[in-house]
Structures are given as C-alpha cells and as structure tokens.
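Peer 1: Structure: run-v5.txt, compact mmCIF, C-alpha atoms and all ligand atoms.
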# COMPACT_ATOMS: atom_id res chain seq x y z
CA MET A 1 116.78 184.86 218.57
CA SER A 2 116.40 183.39 215.08
CA GLN A 3 114.63 180.07 214.80
CA GLY A 4 117.09 178.56 212.27
CA LYS A 5 118.73 175.56 213.94
CA VAL A 6 117.16 175.93 217.38
CA LYS A 7 115.12 173.11 218.88
CA PHE A 8 112.34 174.41 221.09
CA THR A 9 109.25 172.39 222.00
CA VAL A 10 105.98 173.74 223.31
CA ALA A 11 103.68 171.05 224.74
CA ILE A 12 100.02 171.97 225.14
CA ASP A 13 97.66 169.48 226.76
CA GLY A 14 94.11 169.58 228.03
CA PRO A 15 90.57 168.35 227.40
CA ALA A 16 88.49 168.82 224.24
CA ALA A 17 87.49 172.36 223.26
CA ALA A 18 89.51 174.07 226.01
CA GLY A 19 91.24 176.26 223.42
CA LYS A 20 94.42 174.21 222.81
CA GLY A 21 94.16 174.42 219.03
CA THR A 22 93.52 178.16 218.91
CA ILE A 23 96.38 178.86 221.31
CA SER A 24 98.74 176.48 219.48
CA ARG A 25 98.02 178.03 216.09
CA ALA A 26 98.60 181.52 217.49
CA ILE A 27 101.96 180.49 219.01
CA SER A 28 102.94 178.77 215.78
CA GLU A 29 102.03 181.79 213.63
CA THR A 30 103.53 184.40 215.96
CA LEU A 31 106.83 182.65 216.62
CA GLY A 32 107.15 180.77 213.33
CA PHE A 33 107.09 177.31 214.95
CA ALA A 34 105.70 174.22 213.23
CA TYR A 35 102.37 172.98 214.63
CA LEU A 36 101.10 169.43 215.08
CA ASP A 37 97.54 168.78 216.30
CA THR A 38 98.13 165.26 217.64
CA GLY A 39 94.39 164.75 218.13
CA LEU A 40 94.20 164.52 214.34
CA LEU A 41 96.38 161.40 214.40
CA TYR A 42 93.94 159.70 216.78
CA ARG A 43 90.95 161.01 214.83
CA ALA A 44 92.44 159.57 211.62
CA VAL A 45 92.81 156.22 213.39
CA GLY A 46 89.21 156.48 214.68
CA ARG A 47 87.98 157.27 211.16
CA ARG A 48 89.72 154.18 209.76
CA VAL A 49 88.27 152.05 212.57
CA LEU A 50 84.78 153.28 211.64
CA ASP A 51 85.61 152.32 208.04
CA GLY A 52 86.47 148.75 209.16
CA THR A 53 90.23 148.68 209.81
CA PRO A 54 91.36 147.21 213.16
CA ALA A 55 92.71 150.00 215.41
CA VAL A 56 96.33 148.86 215.77
CA ILE A 57 96.66 148.25 212.02
CA ALA A 58 95.08 151.64 211.33
CA ALA A 59 97.61 153.34 213.63
CA SER A 60 100.67 151.50 212.36
CA THR A 61 99.86 152.15 208.68
CA LEU A 62 98.62 155.72 209.05
CA ARG A 63 99.38 157.81 205.97
CA HIS A 64 99.45 161.53 205.43
CA ARG A 65 96.27 161.37 203.39
CA ASP A 66 94.41 159.81 206.36
CA ILE A 67 95.25 162.86 208.46
CA ALA A 68 94.38 165.28 205.67
CA ARG A 69 90.80 164.01 205.36
CA ASN A 70 88.12 166.64 205.84
CA ASP A 71 85.69 164.41 207.75
CA LEU A 72 87.65 164.04 211.01
CA ARG A 73 85.93 166.77 213.03
CA THR A 74 82.69 164.95 213.81
CA PRO A 75 81.46 163.71 217.22
CA GLU A 76 81.39 160.10 215.91
CA VAL A 77 85.05 160.28 214.89
CA ALA A 78 85.98 161.94 218.20
CA ALA A 79 84.39 159.07 220.14
CA ALA A 80 86.07 156.43 217.95
CA ALA A 81 89.40 158.26 218.37
CA SER A 82 89.05 158.27 222.15
CA GLU A 83 88.28 154.53 222.20
CA ALA A 84 91.25 153.70 219.97
CA ALA A 85 93.49 156.05 222.00
CA ALA A 86 93.04 153.87 225.09
CA ILE A 87 94.81 150.94 223.34
CA PRO A 88 98.54 150.96 224.28
CA ASP A 89 99.69 149.58 220.89
CA VAL A 90 97.80 152.31 219.07
CA ARG A 91 99.60 154.96 221.12
CA ALA A 92 102.96 153.22 220.71
CA ALA A 93 102.58 153.25 216.90
CA LEU A 94 102.23 157.05 216.93
CA VAL A 95 105.07 157.97 219.31
CA ASN A 96 108.00 158.24 216.89
CA PHE A 97 106.22 160.49 214.44
CA GLN A 98 105.29 162.90 217.24
CA ARG A 99 108.77 162.89 218.81
CA GLU A 100 110.44 163.51 215.46
CA PHE A 101 108.08 166.39 214.80
CA ALA A 102 108.83 167.83 218.26
CA SER A 103 112.59 167.79 217.74
CA ARG A 104 112.65 169.46 214.32
CA ASP A 105 114.82 172.54 213.87
CA GLY A 106 113.09 175.88 214.25
CA GLY A 107 110.64 175.14 217.06
CA ALA A 108 107.50 173.04 217.34
CA VAL A 109 104.15 173.26 219.08
CA LEU A 110 102.27 170.02 219.73
CA ASP A 111 98.86 169.81 221.33
CA GLY A 112 97.10 166.76 222.72
CA ARG A 113 96.60 164.91 225.98
CA ASP A 114 100.01 163.39 226.81
CA ILE A 115 102.53 165.70 225.16
CA GLY A 116 104.05 167.10 228.35
CA THR A 117 103.88 163.80 230.21
CA VAL A 118 104.81 161.08 227.69
CA ILE A 119 105.70 162.39 224.22
CA CYS A 120 107.91 165.34 225.24
CA PRO A 121 108.62 165.19 228.97
CA GLU A 122 111.62 167.50 228.29
CA ALA A 123 109.56 170.15 226.47
CA ASP A 124 110.79 173.71 226.96
CA VAL A 125 107.29 174.96 227.76
CA LYS A 126 104.33 172.97 229.05
CA LEU A 127 100.82 174.34 229.25
CA PHE A 128 97.71 172.57 230.49
CA VAL A 129 94.72 174.40 229.06
CA THR A 130 91.38 173.74 230.74
CA ALA A 131 87.86 175.17 230.96
CA GLY A 132 84.65 174.00 232.60
CA ASP A 133 82.83 171.33 230.63
CA VAL A 134 79.70 173.46 230.08
CA ALA A 135 81.82 176.25 228.56
CA ARG A 136 83.70 173.74 226.39
CA ALA A 137 80.53 172.05 225.22
CA HIS A 138 79.05 175.43 224.25
CA ARG A 139 82.14 176.30 222.18
CA ARG A 140 82.16 172.91 220.47
CA TRP A 141 78.41 173.16 219.79
CA LEU A 142 78.90 176.57 218.13
CA GLU A 143 81.71 175.14 215.98
CA LEU A 144 79.66 172.11 214.97
CA ARG A 145 76.65 174.29 214.12
CA ALA A 146 78.85 176.60 212.05
CA SER A 147 79.99 173.56 210.06
CA GLY A 148 76.39 172.53 209.36
CA ASN A 149 75.86 169.91 212.11
CA ASP A 150 72.54 170.55 213.91
CA ILE A 151 73.37 168.39 216.97
CA ASP A 152 71.84 169.68 220.24
CA GLU A 153 73.98 171.21 222.94
CA ALA A 154 73.06 168.66 225.64
CA THR A 155 74.34 165.85 223.39
CA VAL A 156 77.63 167.71 222.86
CA LEU A 157 77.98 168.12 226.63
CA SER A 158 77.35 164.44 227.35
CA ASP A 159 79.79 163.43 224.53
CA ILE A 160 82.47 165.70 226.01
CA ARG A 161 81.91 164.35 229.52
CA ALA A 162 82.16 160.75 228.28
CA ARG A 163 85.36 161.55 226.36
CA ASP A 164 86.92 163.43 229.33
CA ALA A 165 86.21 160.46 231.59
CA ARG A 166 87.69 157.95 229.10
CA ASP A 167 90.76 160.09 228.33
CA ALA A 168 91.51 160.85 231.99
CA GLY A 169 90.67 157.39 233.28
CA ARG A 170 92.62 155.16 230.89
CA ASP A 171 95.81 153.39 231.99
CA ALA A 172 97.82 154.28 228.87
CA ALA A 173 99.04 157.90 228.92
CA PRO A 174 95.97 159.36 230.64
CA MET A 175 95.11 163.01 230.20
CA ILE A 176 96.77 164.74 233.14
CA ALA A 177 98.77 167.91 233.68
CA ALA A 178 102.52 167.35 233.95
CA ASN A 179 103.90 168.40 237.34
CA ASP A 180 105.78 171.26 235.72
CA ALA A 181 102.95 172.43 233.43
CA VAL A 182 101.49 175.91 233.74
CA GLN A 183 97.71 175.66 234.05
CA LEU A 184 95.55 178.05 232.05
CA ASP A 185 91.80 178.06 232.73
CA THR A 186 90.04 179.67 229.76
CA SER A 187 86.45 179.31 231.09
CA ASP A 188 85.94 183.06 231.45
CA MET A 189 88.63 184.28 229.07
CA PRO A 190 87.97 185.79 225.67
CA VAL A 191 90.07 184.09 222.99
CA ASP A 192 92.52 186.97 222.56
CA GLU A 193 93.18 187.05 226.31
CA ALA A 194 93.90 183.30 226.40
CA ILE A 195 96.27 183.68 223.44
CA ALA A 196 98.04 186.63 225.07
CA ALA A 197 98.47 184.74 228.36
CA ALA A 198 99.93 181.70 226.59
CA LEU A 199 102.22 183.80 224.40
CA LEU A 200 103.57 185.63 227.43
CA ILE A 201 104.56 182.33 229.06
CA VAL A 202 106.18 180.98 225.89
CA ARG A 203 108.00 184.21 225.03
CA LYS A 204 109.52 184.50 228.51
CA ILE A 205 111.18 181.11 228.17
CA TRP A 206 112.00 181.55 224.46
CA ASP A 207 113.63 184.96 225.04
CA ALA A 208 115.70 183.59 227.92
CA ARG A 209 117.36 181.04 225.63
O1 LIG A 301 92.21 166.73 220.52
P1 LIG A 301 91.07 165.95 219.91
O2 LIG A 301 89.78 166.22 220.62
O3 LIG A 301 90.97 166.13 218.44
O4 LIG A 301 91.45 164.42 220.17
C1 LIG A 301 90.59 163.36 219.87
C2 LIG A 301 90.86 162.23 220.83
O5 LIG A 301 92.17 161.70 220.56
C3 LIG A 301 90.89 162.59 222.30
O6 LIG A 301 89.62 162.54 222.92
C4 LIG A 301 91.84 161.55 222.90
O7 LIG A 301 91.17 160.35 223.20
C5 LIG A 301 92.79 161.27 221.76
N1 LIG A 301 94.09 161.90 221.94
C6 LIG A 301 95.00 161.30 222.78
N2 LIG A 301 96.26 161.80 222.91
C7 LIG A 301 96.62 162.90 222.25
C8 LIG A 301 95.70 163.57 221.40
C9 LIG A 301 94.42 163.04 221.28
O8 LIG A 301 94.69 160.30 223.41
N3 LIG A 301 97.87 163.34 222.38
Let me see the file written as structure tokens.
Peer 2:
Amino acid sequence: MSQGKVKFTVAIDGPAAAGKGTISRAISETLGFAYLDTGLLYRAVGRRVLDGTPAVIAASTLRHRDIARNDLRTPEVAAAASEAAAIPDVRAALVNFQREFASRDGGAVLDGRDIGTVICPEADVKLFVTAGDVARAHRRWLELRASGNDIDEATVLSDIRARDARDAGRDAAPMIAANDAVQLDTSDMPVDEAIAAALLIVRKIWDAR
C-alpha cells in the first residue's frame, strides 16, 4: 500500500529508556511514517521552566525552536519535564499539536506516555514498551556517558525510579498501557530483536489495510 493519502497512527508508550525512541525511529524509517517524540515537547517545557518561565505559559507558547534545542537530553531537564507534565493545563496546551501530527497523511508514529490512552485512543497500532528499571538505567547511563556526562549509574537509576513513580502516579494522563496495547518487554532483547518484533506487529496491521 502506498502511504500517499492514508492516515495510519502508531502509538508507542512506556517508561524512560525502554527503547521507545529507537523502535519509533525504525518504524518511521522503514515504513516512511513521520515521527514525533512527544517527550521532547515536555522536555522543552521543562527547559523553559528551569530558565524561569511558568510551566503553563511555557507550554502554551512553545515554539519550534524550543523543541529543537540541543540541551534537552539532560537528567535535570527530564526531572523538570516530569514535574511540568503532571500539571493538567500543561498537558492540555500540547494536545492539539500532537493530535494534528497523528492525523497527517502518510502515517505517523508518536511515542510518549499517554499516546494510546489520551492523545490517540483510536490509533491503528498501540505498543507499550517496557524493560526492568535496572536495565533501563544502564542504557540511559551509557547514553549519558557517551554524550560526555559522567553521572554515576546509581544516580541514573534513582532518577528513573523517581520519574517512573511521578509519571505513573499522577492524576492527569498517567503512564499506563492502554487496554488494547501490545506489551513488549525489551529487558533481555538486543535492539535489533526489539525493532523486528515491533515492526512485525505494525506491518501485520498496516498490510491488512
Ligand atoms: O520520553 P521522555 O523521557 O523524553 O519524557 C520526558 C518526560 O515528559 C516524561 O518523564 C514524562 O513526565 C513527560 N511525558 C509525558 N507524556 C508524554 C511524553 C512525555 O508526560 N506523552
């Protein structure tokens, strides 16, 4: 099937460093779908909060250049993003942009925490990608070290645990698998295996259309 005018939404949710981004990029590149990392929206809000802008104002005046910043992938920004993300008005300010992205022609992959539950409850494919927190912390620690951050692994693990608890425990769009999501546990999966498993699920539904 050619992507042309077709609308097809893939929703990928799960906790930090479970492999959502890697899987989403692979789906996007293989099937030619557009990709939105919705965590970047919340990170951009968190960054602006750290710079002194109130969270709801930061979210409702978010510009493309805020999302394109190259200093959003730090633990401090992740924590600020998670705090801002618990505020209902912050989330509400970001809904339309995400829904418009999801309904573009040619297919879209969105990853985050509430894509299959709140942003795109009608998504064609829903995946909930998980992994144990020790495995996730190790991956995130390797990434941070590769980018020059010499944070210790125990700190990364406690940051991830705090963020998981806040994201899953908040009242507004908590991180939770949609009832109809396929769960993919990547704890013991090499990256290429996780990508292959996700692609198989997406292709089955895409090819049936
Ligand atoms: O995915 P990432 O780790 O970059 O997301 C940063 C934070 O943004 C998350 O910990 C979460 O609090 C928030 N977020 C969210 N809903 C999304 C995407 C991210 O609440 N759809």
Peer 1: Write out as an MDAnalysis selection string the residues lying within 8 Å of range 177-185 of chain A, counting all atoms listed in the file and excluding same-chain residues fewer than 2 positions away.
Peer 2: chainID A and resid 13:14 116:117 125:131 175 187:189 194 198
Peer 1: Name each residue within 9 Å of ligand LIG 301 (chain A), counting all atoms listed in the file, as number ranges by chain.
Peer 2: A: 13-17, 20-21, 37-43, 46, 72-73, 77-86, 91, 110-115, 119, 160, 163-164, 166-168, 172-175
Peer 1: Could you work out how far CA of Glu122 in chain A lies from CA of Ala11 in chain A, giving the answer in Å with one decimal?
Peer 2: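 A separation of 9.4 Å between them.
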Peer 1: For range 54-57 of chain A, find every residue with an atom within 7 Å (counting only C-alpha atoms), except residues of its own chain fewer than 2 positions away, and show them as a ChimeraX atom specification.
Peer 2: /A:45,49,52,59-61,84,89-90
Peer 1: Hey, can you check how far CA of Glu100 in chain A sits from CA of Lys5 in chain A?
Peer 2: 14.7 Å
Peer 1: Mind giving me the straight-line distance from CA of Thr155 in chain A to CA of Pro190 in chain A in Å, one decimal?
Peer 2: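 Computing it gives 24.3 Å between the two atoms.
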Peer 1: Hey, what's within 9 Å of Ala154 in chain A if we count only C-alpha atoms and toss same-chain stuff fewer than 4 positions away? As a list in words, please?
Peer 2: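 What passes the distance filter is Ala137, Ser158 and Asp159 of chain A.
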Peer 1: Go ahead and write the selection's residues with C-alpha atoms as a PDB file, in the frame of the given file.
Peer 2:
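Written out: selection_36.pdb:
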ATOM      1  CA  ALA A 137      80.530 172.050 225.220  1.00  0.00           C
ATOM      2  CA  SER A 158      77.350 164.440 227.350  1.00  0.00           C
ATOM      3  CA  ASP A 159      79.790 163.430 224.530  1.00  0.00           C
TER       4      ASP A 159
END
Peer 1: Pick the closest to Ala102 in chain A from A:Asp152, A:Asp207, A:Pro121, A:Ile195: which is it, counting all atoms listed in the file?
Peer 2: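 Checking each of A:Asp152, A:Asp207, A:Pro121, A:Ile195 against Ala102 in chain A, counting all atoms listed in the file, the winner is A:Pro121.
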Peer 1: At the level of C-alpha atoms, write range 85-188 of chain A to a file as a PDB file, in the first residue's frame, please.
Peer 2:
ATOM      1  CA  ALA A  85       3.862  17.092  32.816  1.00  0.00           C
ATOM      2  CA  ALA A  86       1.785  16.461  35.950  1.00  0.00           C
ATOM      3  CA  ILE A  87       0.024  19.845  35.518  1.00  0.00           C
ATOM      4  CA  PRO A  88      -3.275  19.338  33.605  1.00  0.00           C
ATOM      5  CA  ASP A  89      -3.112  22.750  31.854  1.00  0.00           C
ATOM      6  CA  VAL A  90       0.386  21.997  30.590  1.00  0.00           C
ATOM      7  CA  ARG A  91      -0.852  18.751  29.035  1.00  0.00           C
ATOM      8  CA  ALA A  92      -3.965  20.427  27.623  1.00  0.00           C
ATOM      9  CA  ALA A  93      -1.824  23.054  25.856  1.00  0.00           C
ATOM     10  CA  LEU A  94       0.051  20.312  23.977  1.00  0.00           C
ATOM     11  CA  VAL A  95      -2.878  18.118  22.895  1.00  0.00           C
ATOM     12  CA  ASN A  96      -3.836  19.754  19.585  1.00  0.00           C
ATOM     13  CA  PHE A  97      -0.332  19.784  18.186  1.00  0.00           C
ATOM     14  CA  GLN A  98       0.052  16.063  18.918  1.00  0.00           C
ATOM     15  CA  ARG A  99      -3.368  15.121  17.511  1.00  0.00           C
ATOM     16  CA  GLU A 100      -2.761  17.102  14.330  1.00  0.00           C
ATOM     17  CA  PHE A 101       0.587  15.408  13.898  1.00  0.00           C
ATOM     18  CA  ALA A 102      -1.038  11.990  14.428  1.00  0.00           C
ATOM     19  CA  SER A 103      -3.684  12.555  11.765  1.00  0.00           C
ATOM     20  CA  ARG A 104      -1.369  13.758   8.994  1.00  0.00           C
ATOM     21  CA  ASP A 105      -1.493  11.974   5.645  1.00  0.00           C
ATOM     22  CA  GLY A 106       1.071   9.257   5.104  1.00  0.00           C
ATOM     23  CA  GLY A 107       1.273   7.704   8.560  1.00  0.00           C
ATOM     24  CA  ALA A 108       2.645   8.869  11.895  1.00  0.00           C
ATOM     25  CA  VAL A 109       4.460   7.341  14.844  1.00  0.00           C
ATOM     26  CA  LEU A 110       4.206   9.115  18.194  1.00  0.00           C
ATOM     27  CA  ASP A 111       5.952   7.994  21.348  1.00  0.00           C
ATOM     28  CA  GLY A 112       5.324   9.117  24.905  1.00  0.00           C
ATOM     29  CA  ARG A 113       3.348   8.123  27.976  1.00  0.00           C
ATOM     30  CA  ASP A 114      -0.310   8.776  27.067  1.00  0.00           C
ATOM     31  CA  ILE A 115      -0.458   8.406  23.295  1.00  0.00           C
ATOM     32  CA  GLY A 116      -2.559   5.230  23.217  1.00  0.00           C
ATOM     33  CA  THR A 117      -4.740   6.273  26.145  1.00  0.00           C
ATOM     34  CA  VAL A 118      -5.392  10.019  25.738  1.00  0.00           C
ATOM     35  CA  ILE A 119      -3.848  11.553  22.607  1.00  0.00           C
ATOM     36  CA  CYS A 120      -4.770   8.841  20.081  1.00  0.00           C
ATOM     37  CA  PRO A 121      -7.176   6.360  21.668  1.00  0.00           C
ATOM     38  CA  GLU A 122      -8.154   5.332  18.100  1.00  0.00           C
ATOM     39  CA  ALA A 123      -4.567   4.622  16.993  1.00  0.00           C
ATOM     40  CA  ASP A 124      -4.224   1.795  14.470  1.00  0.00           C
ATOM     41  CA  VAL A 125      -1.404   0.187  16.446  1.00  0.00           C
ATOM     42  CA  LYS A 126      -0.608   0.579  20.139  1.00  0.00           C
ATOM     43  CA  LEU A 127       2.562  -0.699  21.730  1.00  0.00           C
ATOM     44  CA  PHE A 128       3.591  -0.438  25.368  1.00  0.00           C
ATOM     45  CA  VAL A 129       7.346  -0.876  25.518  1.00  0.00           C
ATOM     46  CA  THR A 130       8.807  -1.728  28.915  1.00  0.00           C
ATOM     47  CA  ALA A 131      12.004  -3.051  30.495  1.00  0.00           C
ATOM     48  CA  GLY A 132      13.171  -3.510  34.070  1.00  0.00           C
ATOM     49  CA  ASP A 133      14.375  -0.306  35.695  1.00  0.00           C
ATOM     50  CA  VAL A 134      17.939  -1.584  36.230  1.00  0.00           C
ATOM     51  CA  ALA A 135      18.249  -2.410  32.511  1.00  0.00           C
ATOM     52  CA  ARG A 136      16.779   0.976  31.560  1.00  0.00           C
ATOM     53  CA  ALA A 137      19.058   2.863  33.924  1.00  0.00           C
ATOM     54  CA  HIS A 138      22.089   1.067  32.482  1.00  0.00           C
ATOM     55  CA  ARG A 139      21.104   2.032  28.925  1.00  0.00           C
ATOM     56  CA  ARG A 140      20.462   5.650  29.896  1.00  0.00           C
ATOM     57  CA  TRP A 141      23.766   5.782  31.808  1.00  0.00           C
ATOM     58  CA  LEU A 142      25.649   4.531  28.725  1.00  0.00           C
ATOM     59  CA  GLU A 143      23.924   7.189  26.584  1.00  0.00           C
ATOM     60  CA  LEU A 144      24.691   9.963  29.057  1.00  0.00           C
ATOM     61  CA  ARG A 145      28.327   8.871  29.328  1.00  0.00           C
ATOM     62  CA  ALA A 146      28.628   8.776  25.538  1.00  0.00           C
ATOM     63  CA  SER A 147      27.429  12.380  25.454  1.00  0.00           C
ATOM     64  CA  GLY A 148      30.071  13.445  27.975  1.00  0.00           C
ATOM     65  CA  ASN A 149      28.040  13.364  31.218  1.00  0.00           C
ATOM     66  CA  ASP A 150      29.979  11.499  33.951  1.00  0.00           C
ATOM     67  CA  ILE A 151      26.948  10.930  36.221  1.00  0.00           C
ATOM     68  CA  ASP A 152      27.092   7.652  38.208  1.00  0.00           C
ATOM     69  CA  GLU A 153      24.802   4.764  37.401  1.00  0.00           C
ATOM     70  CA  ALA A 154      23.119   4.660  40.834  1.00  0.00           C
ATOM     71  CA  THR A 155      22.020   8.293  40.392  1.00  0.00           C
ATOM     72  CA  VAL A 156      20.559   7.486  36.967  1.00  0.00           C
ATOM     73  CA  LEU A 157      18.643   4.563  38.495  1.00  0.00           C
ATOM     74  CA  SER A 158      17.209   6.650  41.322  1.00  0.00           C
ATOM     75  CA  ASP A 159      16.274   9.452  38.839  1.00  0.00           C
ATOM     76  CA  ILE A 160      14.481   6.920  36.633  1.00  0.00           C
ATOM     77  CA  ARG A 161      12.638   5.402  39.594  1.00  0.00           C
ATOM     78  CA  ALA A 162      11.502   8.843  40.781  1.00  0.00           C
ATOM     79  CA  ARG A 163      10.324   9.756  37.269  1.00  0.00           C
ATOM     80  CA  ASP A 164       8.507   6.409  36.781  1.00  0.00           C
ATOM     81  CA  ALA A 165       6.685   6.911  40.083  1.00  0.00           C
ATOM     82  CA  ARG A 166       5.683  10.504  39.216  1.00  0.00           C
ATOM     83  CA  ASP A 167       4.625   9.659  35.649  1.00  0.00           C
ATOM     84  CA  ALA A 168       2.607   6.586  36.668  1.00  0.00           C
ATOM     85  CA  GLY A 169       1.152   8.113  39.819  1.00  0.00           C
ATOM     86  CA  ARG A 170      -0.143  11.462  38.547  1.00  0.00           C
ATOM     87  CA  ASP A 171      -3.864  12.084  38.064  1.00  0.00           C
ATOM     88  CA  ALA A 172      -3.521  13.730  34.635  1.00  0.00           C
ATOM     89  CA  ALA A 173      -2.932  11.173  31.863  1.00  0.00           C
ATOM     90  CA  PRO A 174      -0.790   8.785  33.928  1.00  0.00           C
ATOM     91  CA  MET A 175       1.638   6.460  32.205  1.00  0.00           C
ATOM     92  CA  ILE A 176      -0.311   3.240  31.734  1.00  0.00           C
ATOM     93  CA  ALA A 177      -0.749   0.698  28.964  1.00  0.00           C
ATOM     94  CA  ALA A 178      -3.988   1.064  27.008  1.00  0.00           C
ATOM     95  CA  ASN A 179      -6.230  -1.992  27.325  1.00  0.00           C
ATOM     96  CA  ASP A 180      -5.669  -2.810  23.666  1.00  0.00           C
ATOM     97  CA  ALA A 181      -1.894  -2.162  23.628  1.00  0.00           C
ATOM     98  CA  VAL A 182       0.555  -4.933  22.786  1.00  0.00           C
ATOM     99  CA  GLN A 183       3.190  -5.137  25.520  1.00  0.00           C
ATOM    100  CA  LEU A 184       6.825  -5.528  24.522  1.00  0.00           C
ATOM    101  CA  ASP A 185       9.372  -6.174  27.285  1.00  0.00           C
ATOM    102  CA  THR A 186      12.837  -5.327  25.959  1.00  0.00           C
ATOM    103  CA  SER A 187      14.790  -6.156  29.169  1.00  0.00           C
ATOM    104  CA  ASP A 188      16.606  -9.100  27.589  1.00  0.00           C
TER     105      ASP A 188
END
